[in-house]
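First up is the structure itself, then whatever we jot down about it.
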Amino acid sequence: KQEVTQIPAALSVPEGENLVLNCSFTDSAIYNLQWFRQDPGKGLTSLLLIQSSQREQTSGRLNASLDKSSGRSTLYIAASQPGDSATYLCAVKGLGSSGGYQKVTFGTGTKLQVIP
Amino acid sequence: DAGVIQSPRHEVTEMGQEVTLRCKPISGHNSLFWYRQTMMRGLELLIYFNNNVPIDDSGMPEDRFSAKMPNASFSTLKIQPSEPRDSAVYFCASSLKGYSYNQPQHFGDGTRLSIL
């Protein structure tokens, strides 16, 4: 059974700082990994999706990396801003059997606060 | 382009009552997902539809829960009878091309359900 862990559960940084969020998973047989942000009272917004064959994806100030062999992904946020304050979740899609359904497992998230 | 639309945004009802949650996916998306989010268990996939057909309902907690997708633009999640432990935020998400592809999921803002 896939387990996805995000540490720390909460993080507070001053504005302008670069930061890294971590996601660990126990089963390296994955199809892809997706990073989301969730604002209070809102649904999830997809940030980046990394396919299992990729090492990283970039979008603006965000860079996500994937190391399947070690079961880790990181989300790097450059020059953090107060608007980046949210909960960040990673989600791992497993490899199903041939032609089968692939289950997605979510981490519990890291709550980020960027202080002006 | 409109995102995933869920209704109602909030629902408060007494235990034993029937609850119906509604979802309109993004036009053109052919995969739809229902999730439940609680503090204790995080985000859990309840059921997944592809082309209006339920593919995996292994996450549905009990027979009290049922989901339907009568057409490509509408889905319901029903709880009957409801219990206090069903209190959670229920999210609907949709994606393009089906679950086997590297397509990001797009989430609605959720329905916050409170069973008294």
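Chain labels run A, B, ... following the order of the structure tokens; each chain numbers its residues from 1, and ligands are numbered from 1 in the order shown.
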Problem - Contact set, chain A to chain B: 12 Å, only C-alpha atoms, as a ChimeraX atom specification - result: /A:4-6,30-54,89-110
Exercise for the section: For B:Glu14, list every protein, DNA or RNA residue within 12 Å, evaluated using only C-alpha atoms, and leave out those in the same chain fewer than 5 positions away; present the list as a PyMOL selection string. Expected result: chain B and resi 19+80-87+113-116
Would you save the residues from that selection as an mmCIF file, in the first residue's frame, using N, CA, C and O atoms?
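As a result, result_18.cif now contains:
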```
data_model
loop_
_atom_site.group_PDB
_atom_site.id
_atom_site.type_symbol
_atom_site.label_atom_id
_atom_site.label_comp_id
_atom_site.auth_asym_id
_atom_site.auth_seq_id
_atom_site.Cartn_x
_atom_site.Cartn_y
_atom_site.Cartn_z
ATOM 1 N N VAL B 19 -28.736 13.250 1.995
ATOM 2 C CA VAL B 19 -27.932 14.374 1.510
ATOM 3 C C VAL B 19 -27.543 14.107 0.064
ATOM 4 O O VAL B 19 -27.105 12.997 -0.263
ATOM 5 N N GLN B 80 -27.385 8.330 2.344
ATOM 6 C CA GLN B 80 -28.690 8.031 2.914
ATOM 7 C C GLN B 80 -28.634 6.730 3.695
ATOM 8 O O GLN B 80 -28.382 5.675 3.113
ATOM 9 N N PRO B 81 -28.880 6.757 5.014
ATOM 10 C CA PRO B 81 -29.065 7.930 5.865
ATOM 11 C C PRO B 81 -27.729 8.528 6.289
ATOM 12 O O PRO B 81 -26.738 7.811 6.395
ATOM 13 N N SER B 82 -27.692 9.802 6.521
ATOM 14 C CA SER B 82 -26.450 10.464 6.909
ATOM 15 C C SER B 82 -26.176 10.261 8.398
ATOM 16 O O SER B 82 -27.109 10.076 9.205
ATOM 17 N N GLU B 83 -24.875 10.300 8.754
ATOM 18 C CA GLU B 83 -24.439 10.148 10.131
ATOM 19 C C GLU B 83 -23.428 11.250 10.447
ATOM 20 O O GLU B 83 -22.769 11.748 9.534
ATOM 21 N N PRO B 84 -23.278 11.590 11.736
ATOM 22 C CA PRO B 84 -22.327 12.657 12.102
ATOM 23 C C PRO B 84 -20.914 12.410 11.583
ATOM 24 O O PRO B 84 -20.212 13.360 11.214
ATOM 25 N N ARG B 85 -20.483 11.167 11.515
ATOM 26 C CA ARG B 85 -19.115 10.879 11.047
ATOM 27 C C ARG B 85 -18.941 11.126 9.555
ATOM 28 O O ARG B 85 -17.823 11.038 9.027
ATOM 29 N N ASP B 86 -20.032 11.420 8.850
ATOM 30 C CA ASP B 86 -19.929 11.775 7.429
ATOM 31 C C ASP B 86 -19.553 13.242 7.239
ATOM 32 O O ASP B 86 -19.297 13.681 6.108
ATOM 33 N N SER B 87 -19.506 13.991 8.321
ATOM 34 C CA SER B 87 -19.165 15.414 8.237
ATOM 35 C C SER B 87 -17.757 15.564 7.685
ATOM 36 O O SER B 87 -16.801 14.969 8.198
ATOM 37 N N LEU B 113 -19.932 19.692 4.476
ATOM 38 C CA LEU B 113 -21.102 18.984 4.997
ATOM 39 C C LEU B 113 -20.988 18.797 6.500
ATOM 40 O O LEU B 113 -19.971 18.302 6.989
ATOM 41 N N SER B 114 -22.021 19.203 7.207
ATOM 42 C CA SER B 114 -22.081 19.015 8.653
ATOM 43 C C SER B 114 -23.344 18.247 8.985
ATOM 44 O O SER B 114 -24.449 18.688 8.655
ATOM 45 N N ILE B 115 -23.161 17.105 9.632
ATOM 46 C CA ILE B 115 -24.297 16.270 10.046
ATOM 47 C C ILE B 115 -24.405 16.381 11.563
ATOM 48 O O ILE B 115 -23.474 16.018 12.292
ATOM 49 N N LEU B 116 -25.527 16.888 12.014
ATOM 50 C CA LEU B 116 -25.700 17.126 13.453
ATOM 51 C C LEU B 116 -26.289 15.913 14.167
ATOM 52 O O LEU B 116 -27.008 15.118 13.563
#
```
Problem - For stretch 64-66 of chain A: contacts at 6 Å, only C-alpha atoms, fewer than 6 positions along chain excluded, given as a list in words - result: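 Once the adjacent positions are removed, what remains is Arg55, Glu56, Gln57, Ser73, Thr74 and Leu75 of chain A.
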Exercise for the section: DSSP on the backbone, then: every residue of chain A marked strand (DSSP E or B), written as a ChimeraX atom specification. Expected result: /A:4-5,10-14,19-25,30-38,44-51,56-59,62-67,72-77,86-94,104-106,110-115
Handout entry: Counting only C-alpha atoms, the option among B:Thr76, B:Ser7, B:Ser66, B:Asn52 closest to B:Ser31
Key = B:Asn52
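One distance worth recording is that between atom CA of A:Gln81 and atom CA of A:Cys23, which is 21.4 Å.
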Exercise for the section: Pick out the closest residue to A:Gly71 from this set: A:Gln2, A:Thr26, A:Ser12, A:Asn18. Count only C-alpha atoms. Expected result: A:Thr26
Exercise for the section: For atom CA of A:Leu19 and atom CA of A:Arg61, determine how far apart the two atoms are, in Å to one decimal place. Expected result: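 A separation of 10.8 Å between them.
Across the structure, atom CA of B:Glu62 and atom CA of B:Arg22 are spaced 19.0 Å apart.
The closest residue to A:Asn22, picked from A:Tyr88, A:Glu3, A:Gln113, A:Ser80 and counting only C-alpha atoms, is A:Tyr88.
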